[in-house]
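Quick look at start38.txt (compact mmCIF, C-alpha atoms):
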# COMPACT_ATOMS: atom_id res chain seq x y z
CA MET A 1 8.38 90.96 42.25
CA GLY A 2 11.98 91.45 43.37
CA PHE A 3 14.97 90.34 41.29
CA ASP A 4 18.59 90.45 42.49
CA VAL A 5 21.74 88.32 42.48
CA VAL A 6 22.66 89.15 46.13
CA ASN A 7 26.38 89.36 45.42
CA GLU A 8 29.21 89.86 47.91
CA TYR A 9 30.18 93.45 47.08
CA TYR A 10 29.29 94.02 50.73
CA ASP A 11 28.09 91.76 53.56
CA PRO A 12 25.37 89.47 52.13
CA LYS A 13 23.95 89.05 55.66
CA LEU A 14 22.58 92.58 55.48
CA LYS A 15 21.01 91.82 52.10
CA GLU A 16 19.46 88.62 53.44
CA ALA A 17 18.07 90.53 56.42
CA ARG A 18 16.45 93.01 54.04
CA LEU A 19 14.81 90.15 52.14
CA THR A 20 13.51 88.67 55.40
CA ALA A 21 12.06 92.06 56.34
CA LEU A 22 10.31 92.27 52.95
CA ASP A 23 8.81 88.81 53.44
CA ASP A 24 7.61 89.80 56.90
CA ILE A 25 5.96 92.96 55.54
CA ALA A 26 4.29 91.01 52.74
CA ARG A 27 2.85 88.45 55.19
CA ALA A 28 1.70 91.16 57.60
CA THR A 29 -0.06 93.19 54.91
CA GLY A 30 -1.30 90.39 52.68
CA ALA A 31 0.64 91.79 49.74
CA GLU A 32 1.61 89.55 46.85
CA TYR A 33 5.40 89.55 46.69
CA ARG A 34 8.04 87.10 45.58
CA PHE A 35 11.78 87.28 45.12
CA ILE A 36 13.88 85.81 42.32
CA ARG A 37 17.58 85.26 43.08
CA ALA A 38 19.44 85.62 39.80
CA ASN A 39 21.82 87.86 37.88
CA LEU A 40 20.32 90.47 35.55
CA THR A 41 22.69 89.25 32.85
CA ASP A 42 21.01 85.81 33.05
CA GLU A 43 18.65 86.41 30.14
CA ALA A 44 16.77 83.14 30.64
CA ALA A 45 16.03 83.90 34.31
CA LEU A 46 14.94 87.45 33.51
CA GLU A 47 12.76 86.28 30.62
CA GLY A 48 11.15 83.72 32.92
CA ALA A 49 10.37 86.39 35.50
CA PHE A 50 8.68 88.61 32.91
CA ALA A 51 6.81 85.68 31.37
CA ASP A 52 5.40 84.55 34.74
CA ALA A 53 3.43 87.75 35.36
CA ARG A 54 1.98 90.71 33.53
CA ILE A 55 4.44 93.46 34.47
CA ASP A 56 3.33 97.02 33.73
CA ARG A 57 6.00 98.88 35.70
CA VAL A 58 9.72 98.20 36.17
CA ILE A 59 11.81 100.08 38.73
CA HIS A 60 15.45 99.29 38.03
CA LEU A 61 17.76 100.08 40.95
CA ALA A 62 20.31 97.27 40.59
CA ALA A 63 23.82 98.43 39.72
CA GLN A 64 27.45 98.17 40.68
CA ALA A 65 27.89 101.32 42.73
CA GLY A 66 30.86 103.01 44.34
CA VAL A 67 33.38 105.47 43.02
CA ARG A 68 36.63 104.05 44.41
CA TYR A 69 35.80 100.43 43.57
CA SER A 70 35.49 101.44 39.91
CA LEU A 71 39.22 102.23 39.95
CA GLU A 72 39.96 98.64 41.00
CA ASN A 73 37.39 96.58 39.10
CA PRO A 74 35.91 98.41 36.10
CA MET A 75 34.63 95.20 34.49
CA ALA A 76 32.14 94.75 37.33
CA TYR A 77 30.54 98.01 36.16
CA VAL A 78 30.43 96.83 32.56
CA GLU A 79 28.63 93.63 33.58
CA SER A 80 26.13 95.16 36.00
CA ASN A 81 25.58 98.65 34.64
CA ILE A 82 25.92 98.11 30.91
CA ALA A 83 25.10 94.45 30.20
CA GLY A 84 22.57 94.22 33.04
CA PHE A 85 20.77 97.36 31.92
CA THR A 86 20.66 96.07 28.35
CA THR A 87 18.86 92.89 29.44
CA ILE A 88 16.34 95.02 31.36
CA LEU A 89 15.71 97.19 28.31
CA GLU A 90 15.28 94.15 26.11
CA ALA A 91 12.85 92.47 28.54
CA CYS A 92 10.82 95.68 28.79
CA ARG A 93 10.73 95.94 25.00
CA ARG A 94 9.71 92.33 24.41
CA HIS A 95 6.98 92.40 27.05
CA GLN A 96 5.73 95.91 26.21
CA VAL A 97 6.19 97.25 29.74
CA GLY A 98 4.26 100.49 30.25
CA GLN A 99 7.01 102.38 32.11
CA LEU A 100 10.66 101.81 33.04
CA THR A 101 12.00 103.98 35.86
CA TYR A 102 15.70 103.56 36.62
CA ALA A 103 18.37 104.93 38.92
CA SER A 104 20.99 107.25 37.52
CA THR A 105 23.28 109.36 39.72
CA SER A 106 24.31 112.92 40.49
CA SER A 107 27.85 111.77 39.66
CA VAL A 108 27.05 112.20 35.95
CA TYR A 109 27.49 115.96 36.39
CA GLY A 110 31.21 115.30 36.81
CA ALA A 111 33.33 118.32 35.92
CA ASN A 112 30.28 120.60 35.81
CA THR A 113 30.55 123.11 38.67
CA ARG A 114 27.44 125.21 38.00
CA MET A 115 25.22 124.99 41.08
CA PRO A 116 22.61 123.82 41.65
CA PHE A 117 22.88 120.95 39.18
CA SER A 118 20.12 121.13 36.59
CA GLU A 119 18.96 118.33 34.30
CA HIS A 120 18.89 120.88 31.49
CA ASP A 121 22.67 121.34 31.64
CA PRO A 122 25.02 118.96 29.78
CA ALA A 123 26.38 115.98 31.73
CA ASP A 124 29.10 114.79 29.40
CA HIS A 125 32.29 115.08 31.47
CA PRO A 126 32.22 112.25 34.05
CA LEU A 127 35.10 112.10 36.52
CA GLN A 128 35.02 108.34 37.09
CA PHE A 129 33.95 105.16 35.33
CA TYR A 130 30.91 104.55 37.55
CA ALA A 131 29.43 107.89 36.44
CA ALA A 132 30.25 107.11 32.82
CA THR A 133 28.29 103.85 32.94
CA LYS A 134 25.27 105.57 34.52
CA ARG A 135 25.35 108.31 31.89
CA ALA A 136 25.50 105.53 29.30
CA ASN A 137 22.31 104.09 30.84
CA GLU A 138 20.52 107.39 30.22
CA LEU A 139 21.58 107.34 26.57
CA MET A 140 20.74 103.65 26.15
CA ALA A 141 17.27 104.32 27.53
CA HIS A 142 16.82 107.16 25.04
CA ALA A 143 17.67 104.82 22.17
CA TYR A 144 15.01 102.33 23.30
CA SER A 145 12.47 105.10 23.88
CA ASN A 146 13.13 106.21 20.31
CA LEU A 147 13.27 102.83 18.59
CA PHE A 148 10.52 101.03 20.48
CA SER A 149 8.45 103.82 22.10
CA LEU A 150 9.39 102.44 25.54
CA PRO A 151 8.58 105.10 28.16
CA THR A 152 11.66 105.60 30.37
CA THR A 153 12.42 107.92 33.29
CA GLY A 154 15.91 108.29 34.73
CA LEU A 155 16.32 109.58 38.28
CA ARG A 156 19.64 111.14 39.25
CA PHE A 157 20.01 110.25 42.94
CA PHE A 158 21.86 112.59 45.28
CA THR A 159 23.70 110.80 48.15
CA VAL A 160 20.96 108.59 49.53
CA TYR A 161 21.31 107.66 53.21
CA GLY A 162 19.26 105.95 55.89
CA PRO A 163 18.47 102.55 57.48
CA TRP A 164 19.34 99.36 55.57
CA GLY A 165 21.77 101.27 53.33
CA ARG A 166 25.15 100.26 51.91
CA PRO A 167 27.92 99.73 54.51
CA ASP A 168 30.49 101.36 52.22
CA MET A 169 28.66 104.70 52.40
CA ALA A 170 29.89 107.52 54.64
CA LEU A 171 27.22 107.27 57.34
CA PHE A 172 27.95 103.59 58.00
CA LEU A 173 31.71 104.13 57.97
CA PHE A 174 31.53 107.16 60.25
CA THR A 175 29.19 105.47 62.73
CA ARG A 176 31.35 102.36 62.91
CA ALA A 177 34.49 104.43 63.44
CA ILE A 178 33.00 106.63 66.17
CA LEU A 179 31.67 103.64 68.12
CA ALA A 180 35.04 101.88 67.80
CA GLY A 181 36.99 104.98 68.88
CA GLU A 182 38.72 105.13 65.50
CA PRO A 183 39.30 108.19 63.29
CA VAL A 184 36.60 109.39 60.92
CA ARG A 185 38.30 109.99 57.57
CA LEU A 186 37.16 113.26 55.99
CA PHE A 187 38.40 113.73 52.45
CA ASN A 188 38.97 117.19 51.00
CA GLY A 189 39.52 118.37 54.57
CA GLY A 190 35.82 117.80 55.36
CA LYS A 191 34.90 120.65 52.99
CA HIS A 192 32.87 118.49 50.61
CA THR A 193 29.20 119.42 50.43
CA ARG A 194 26.64 116.77 49.61
CA ASP A 195 22.92 116.95 48.92
CA PHE A 196 22.14 114.17 51.40
CA THR A 197 18.67 112.74 50.70
CA TYR A 198 16.88 110.48 53.16
CA VAL A 199 15.81 107.10 51.80
CA SER A 200 12.06 107.48 52.45
CA ASP A 201 12.05 110.76 50.51
CA ILE A 202 13.81 108.99 47.63
CA VAL A 203 11.30 106.12 47.69
CA GLU A 204 8.39 108.57 47.59
CA GLY A 205 9.91 110.23 44.52
CA ILE A 206 10.58 106.90 42.79
CA VAL A 207 7.00 105.71 43.23
CA ARG A 208 5.54 109.03 42.08
CA ALA A 209 7.80 109.10 39.01
CA SER A 210 6.96 105.49 38.18
CA ASP A 211 3.24 106.25 38.35
CA GLN A 212 3.64 108.97 35.71
CA ILE A 213 4.31 107.49 32.27
CA ALA A 214 7.02 109.36 30.37
CA LYS A 215 5.79 111.20 27.29
CA PRO A 216 7.45 113.13 24.46
CA SER A 217 8.03 116.81 25.15
CA LEU A 218 5.86 118.76 22.74
CA GLY A 219 8.16 121.77 22.83
CA TRP A 220 11.40 119.86 22.21
CA ASP A 221 13.56 121.50 19.55
CA SER A 222 16.05 119.33 17.65
CA ALA A 223 17.97 122.47 16.62
CA ASP A 224 18.39 123.41 20.29
CA PRO A 225 18.07 120.08 22.15
CA ASP A 226 17.23 120.07 25.85
CA SER A 227 19.27 117.56 27.88
CA ALA A 228 16.40 116.51 30.17
CA THR A 229 13.59 115.91 27.68
CA SER A 230 13.09 114.62 24.15
CA ASN A 231 10.66 114.18 21.29
CA VAL A 232 10.37 110.54 22.42
CA PRO A 233 8.94 109.21 25.75
CA TRP A 234 12.11 109.81 27.80
CA ARG A 235 12.73 112.00 30.84
CA ILE A 236 15.57 112.74 33.24
CA PHE A 237 14.93 114.13 36.74
CA ASN A 238 17.13 115.13 39.65
CA ILE A 239 15.92 113.65 42.92
CA GLY A 240 17.61 115.29 45.88
CA ASN A 241 17.00 117.25 49.06
CA SER A 242 18.13 120.57 47.52
CA HIS A 243 19.84 121.53 50.81
CA PRO A 244 23.56 120.66 50.57
CA VAL A 245 25.42 120.01 53.82
CA LYS A 246 29.15 120.12 54.54
CA LEU A 247 30.64 116.74 55.37
CA ALA A 248 31.94 118.12 58.66
CA ASP A 249 28.41 119.24 59.61
CA TYR A 250 27.12 115.77 58.72
CA VAL A 251 29.55 114.38 61.29
CA ASP A 252 28.31 116.95 63.81
CA ALA A 253 24.77 115.59 63.43
CA LEU A 254 26.06 112.04 63.84
CA GLU A 255 27.94 112.98 67.02
CA ARG A 256 24.74 114.39 68.50
CA ALA A 257 22.74 111.29 67.55
CA LEU A 258 25.36 108.92 69.02
CA GLY A 259 26.09 111.09 72.05
CA ARG A 260 29.86 110.83 71.62
CA PRO A 261 32.55 112.78 69.74
CA ALA A 262 34.34 111.77 66.57
CA ILE A 263 38.09 111.64 66.11
CA ARG A 264 38.50 113.51 62.83
CA GLU A 265 41.24 112.76 60.31
CA TYR A 266 41.39 115.30 57.49
CA LEU A 267 42.63 113.94 54.17
CA PRO A 268 43.12 115.37 50.64
CA LEU A 269 40.66 115.11 47.76
CA GLN A 270 40.53 111.58 46.33
CA PRO A 271 40.75 110.71 42.60
CA GLY A 272 37.31 110.78 40.99
CA ASP A 273 35.60 112.61 43.85
CA VAL A 274 33.16 115.39 43.03
CA ARG A 275 33.77 118.32 45.37
CA ASP A 276 30.14 119.39 45.80
CA THR A 277 26.64 118.29 44.87
CA PHE A 278 23.48 120.39 44.95
CA ALA A 279 20.23 119.24 43.33
CA ASP A 280 17.75 121.43 41.58
CA SER A 281 14.74 119.11 41.96
CA SER A 282 12.17 121.67 40.84
CA GLU A 283 11.31 119.70 37.68
CA LEU A 284 10.41 116.60 39.67
CA GLU A 285 8.46 118.76 42.10
CA ARG A 286 6.45 120.24 39.24
CA ALA A 287 5.91 116.89 37.56
CA VAL A 288 4.87 114.70 40.50
CA ASP A 289 4.70 117.04 43.53
CA TYR A 290 7.94 115.64 44.94
CA ARG A 291 8.78 117.33 48.26
CA PRO A 292 11.47 115.83 50.51
CA VAL A 293 10.62 116.42 54.16
CA THR A 294 13.38 114.77 56.22
CA SER A 295 16.04 117.02 57.76
CA ILE A 296 19.62 115.85 58.22
CA GLU A 297 19.19 115.92 62.00
CA ALA A 298 16.10 113.70 61.84
CA GLY A 299 17.44 111.38 59.12
CA VAL A 300 20.75 110.75 60.87
CA GLY A 301 18.83 110.09 64.08
CA TYR A 302 16.61 107.51 62.34
CA PHE A 303 19.71 105.83 60.94
CA VAL A 304 21.43 105.63 64.33
CA ASP A 305 18.31 104.14 65.92
CA TRP A 306 18.24 101.45 63.22
CA TYR A 307 21.99 100.84 63.37
CA MET A 308 22.01 100.30 67.13
CA GLY A 309 18.96 98.05 66.87
CA TYR A 310 20.44 95.98 64.04
CA TYR A 311 24.08 95.71 65.13
CA GLY A 312 23.74 96.46 68.85
CA THR A 313 27.10 96.10 70.58
CA THR A 314 28.55 93.94 67.78
CA ASN A 315 29.49 97.04 65.70
CA PRO A 316 31.02 95.29 62.64

Structure translated into structure tokens:
Amino acid sequence: MGFDVVNEYYDPKLKEARLTALDDIARATGAEYRFIRANLTDEAALEGAFADARIDRVIHLAAQAGVRYSLENPMAYVESNIAGFTTILEACRRHQVGQLTYASTSSVYGANTRMPFSEHDPADHPLQFYAATKRANELMAHAYSNLFSLPTTGLRFFTVYGPWGRPDMALFLFTRAILAGEPVRLFNGGKHTRDFTYVSDIVEGIVRASDQIAKPSLGWDSADPDSATSNVPWRIFNIGNSHPVKLADYVDALERALGRPAIREYLPLQPGDVRDTFADSSELERAVDYRPVTSIEAGVGYFVDWYMGYYGTTNP
């Protein structure tokens, strides 16, 4: 069962095309799938969805994303990321869901500069409101795991990219600019490093994590609390490629995939930007045998193939 409001944060046509693709896959494979178009804050619609079927797993990926947009419209993050997550928690509690797996973000590490980022380190100094709301989700989940024994697993995503992604992400913006002969804007002089993680590797990790029900950590010490585990059924995992790449090198790979050069415009660091990300995903690897396999060269190539097939010469 899919549940989403399909808002206009970016082009709804892309979202509708995704839904059509899902329907096509369901028909081709004989899978049982249906989609409910509603807002997560619509408690009646969400309650109806849970009441219609016996749901034993929830994978919660809906959120208001984007760092710069949070500077312009913080209330959108309160509605989607705080209120929306609360309704999910409540529905899972009422219907005794066996496992809630939800998306957090590497942005929660904020001012922390110790590399690679480890779940066992504190994540209490966010640099922008988006990250603050996602960190709040982790803490809200812990409260429900404690109060209602709801098993929850938070996954801190590291710069997901690939086909069907968000058009406001760097790979879309760079591809569009290169094809249009316009400058590619590289903040922080292109010196940012990001732990780019291909979407199929992320999906594999999500499914594996969802299949493993969160349990209390037997060795958890309340006098020396670990930030990634607890004495209740709650876990936090990094999910990344663990091979950070400079933004300028990312553009190099895109140039090779497109077969044309980029016009590069180097700009200063933007407010709220994290300079570097680098995932230590060893805990997820140990827990569910998570092993990302897609190189930047291959992943960017897959994206370009999809982009040219989807947009063709209409380059939006």

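Across the model, the gap from CA of Asp11 in chain A to CA of Pro167 in chain A is 8.0 Å.
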
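What separates CA of Leu267 in chain A from CA of Lys191 in chain A is a distance of 10.3 Å.
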
Quiz prompt | Shell around range 87-103 of chain A at 7 Å using all atoms listed in the file, local window under 3 positions removed, as number ranges by chain | solution = A: 40-41, 43, 47, 55-61, 83-84, 148, 150-157, 210, 213

Exercise. Could you jot down the CA of Thr294 in chain A to CA of Val207 in chain A separation for me, Å, one decimal place?
Key: 17.1 Å

At a cut-off of 12 Å, can you tabulate as JSON lines every residue of range 72-179 of chain A near range 16-34 of chain A together with its closest atom pair and the distance in Å to one decimal, using only C-alpha atoms and ordering rows by chain then number?
{"residue": "A:Pro163", "atom": "CA", "partner": "A:Arg18", "partner_atom": "CA", "distance": 10.3}
{"residue": "A:Trp164", "atom": "CA", "partner": "A:Arg18", "partner_atom": "CA", "distance": 7.1}
{"residue": "A:Gly165", "atom": "CA", "partner": "A:Arg18", "partner_atom": "CA", "distance": 9.9}
{"residue": "A:Arg166", "atom": "CA", "partner": "A:Arg18", "partner_atom": "CA", "distance": 11.5}

Could you save those same residues with C-alpha atoms as a PDB file, in the coordinates of the input?
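Listed below is the output, out_38.pdb:
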ATOM      1  CA  PRO A 163      18.470 102.550  57.480  1.00  0.00           C
ATOM      2  CA  TRP A 164      19.340  99.360  55.570  1.00  0.00           C
ATOM      3  CA  GLY A 165      21.770 101.270  53.330  1.00  0.00           C
ATOM      4  CA  ARG A 166      25.150 100.260  51.910  1.00  0.00           C
TER       5      ARG A 166
END

Practice problem: Counting only C-alpha atoms, select every polymer residue within 12 Å of (18.2, 114.5, 67.5) as defined in the file's coordinates, and provide the selection as a ChimeraX atom specification. | Solution: /A:252-259,295-305

Take the selection from the previous step and output its residues with C-alpha atoms, as a JSON list (two decimals), in the coordinates of the input.
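For reference, out.json as written:
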[["chain", "number", "residue", "atom", "x", "y", "z"],
["A", 252, "ASP", "CA", 28.31, 116.95, 63.81],
["A", 253, "ALA", "CA", 24.77, 115.59, 63.43],
["A", 254, "LEU", "CA", 26.06, 112.04, 63.84],
["A", 255, "GLU", "CA", 27.94, 112.98, 67.02],
["A", 256, "ARG", "CA", 24.74, 114.39, 68.50],
["A", 257, "ALA", "CA", 22.74, 111.29, 67.55],
["A", 258, "LEU", "CA", 25.36, 108.92, 69.02],
["A", 259, "GLY", "CA", 26.09, 111.09, 72.05],
["A", 295, "SER", "CA", 16.04, 117.02, 57.76],
["A", 296, "ILE", "CA", 19.62, 115.85, 58.22],
["A", 297, "GLU", "CA", 19.19, 115.92, 62.00],
["A", 298, "ALA", "CA", 16.10, 113.70, 61.84],
["A", 299, "GLY", "CA", 17.44, 111.38, 59.12],
["A", 300, "VAL", "CA", 20.75, 110.75, 60.87],
["A", 301, "GLY", "CA", 18.83, 110.09, 64.08],
["A", 302, "TYR", "CA", 16.61, 107.51, 62.34],
["A", 303, "PHE", "CA", 19.71, 105.83, 60.94],
["A", 304, "VAL", "CA", 21.43, 105.63, 64.33],
["A", 305, "ASP", "CA", 18.31, 104.14, 65.92]]

Practice problem: Check the smallest atom-to-atom distance from each of A:Arg208, A:Arg286, A:Arg185, A:Arg37 to Arg264 in chain A using only C-alpha atoms, then report the winner. | Solution: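 Comparing A:Arg208, A:Arg286, A:Arg185, A:Arg37 against Arg264 in chain A, the winner is A:Arg185.
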
Quiz prompt | Pick from A:Ser217, A:Ser80, A:Thr159, A:Thr277, whichever lies nearest to Tyr198 in chain A using only C-alpha atoms | solution =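 Looking at the shortest contact to Tyr198 in chain A, the residue is A:Thr159.
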
Quiz prompt | Contacts of Lys246 in chain A within 12 Å, all atoms listed in the file, excl. fewer than 4 positions in-chain, as a list in words | solution = Leu186, Phe187, Asn188, Gly189, Gly190, Lys191, His192, Thr193, Arg194, Asp195, Phe196, Tyr250, Val251, Asp252, Ala253, Arg275, Asp276, Thr277, Phe278 and Ile296 of chain A

Quiz prompt | Neighbour list for range 113-120 of chain A as a ChimeraX atom specification, cut-off 9 Å, all atoms listed in the file, skip fewer than 4 positions in-chain | solution = /A:106,109,156,226-229,236-238,242,275-281,283

Residue neighbourhood His142 in chain A, 8 Å, only C-alpha atoms, exclusion window fewer than 3 positions, as a PDB file with C-alpha atoms, in the coordinates of the input:
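For reference, around.pdb as written:
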ATOM      1  CA  GLU A 138      20.520 107.390  30.220  1.00  0.00           C
ATOM      2  CA  LEU A 139      21.580 107.340  26.570  1.00  0.00           C
ATOM      3  CA  SER A 145      12.470 105.100  23.880  1.00  0.00           C
ATOM      4  CA  ASN A 146      13.130 106.210  20.310  1.00  0.00           C
ATOM      5  CA  THR A 152      11.660 105.600  30.370  1.00  0.00           C
ATOM      6  CA  VAL A 232      10.370 110.540  22.420  1.00  0.00           C
ATOM      7  CA  TRP A 234      12.110 109.810  27.800  1.00  0.00           C
TER       8      TRP A 234
END

Exercise. Using only C-alpha atoms, find the one residue out of A:Ala53, A:Ala248, A:Leu171, A:Leu127 that sits nearest to Val274 in chain A.
Key: A:Leu127
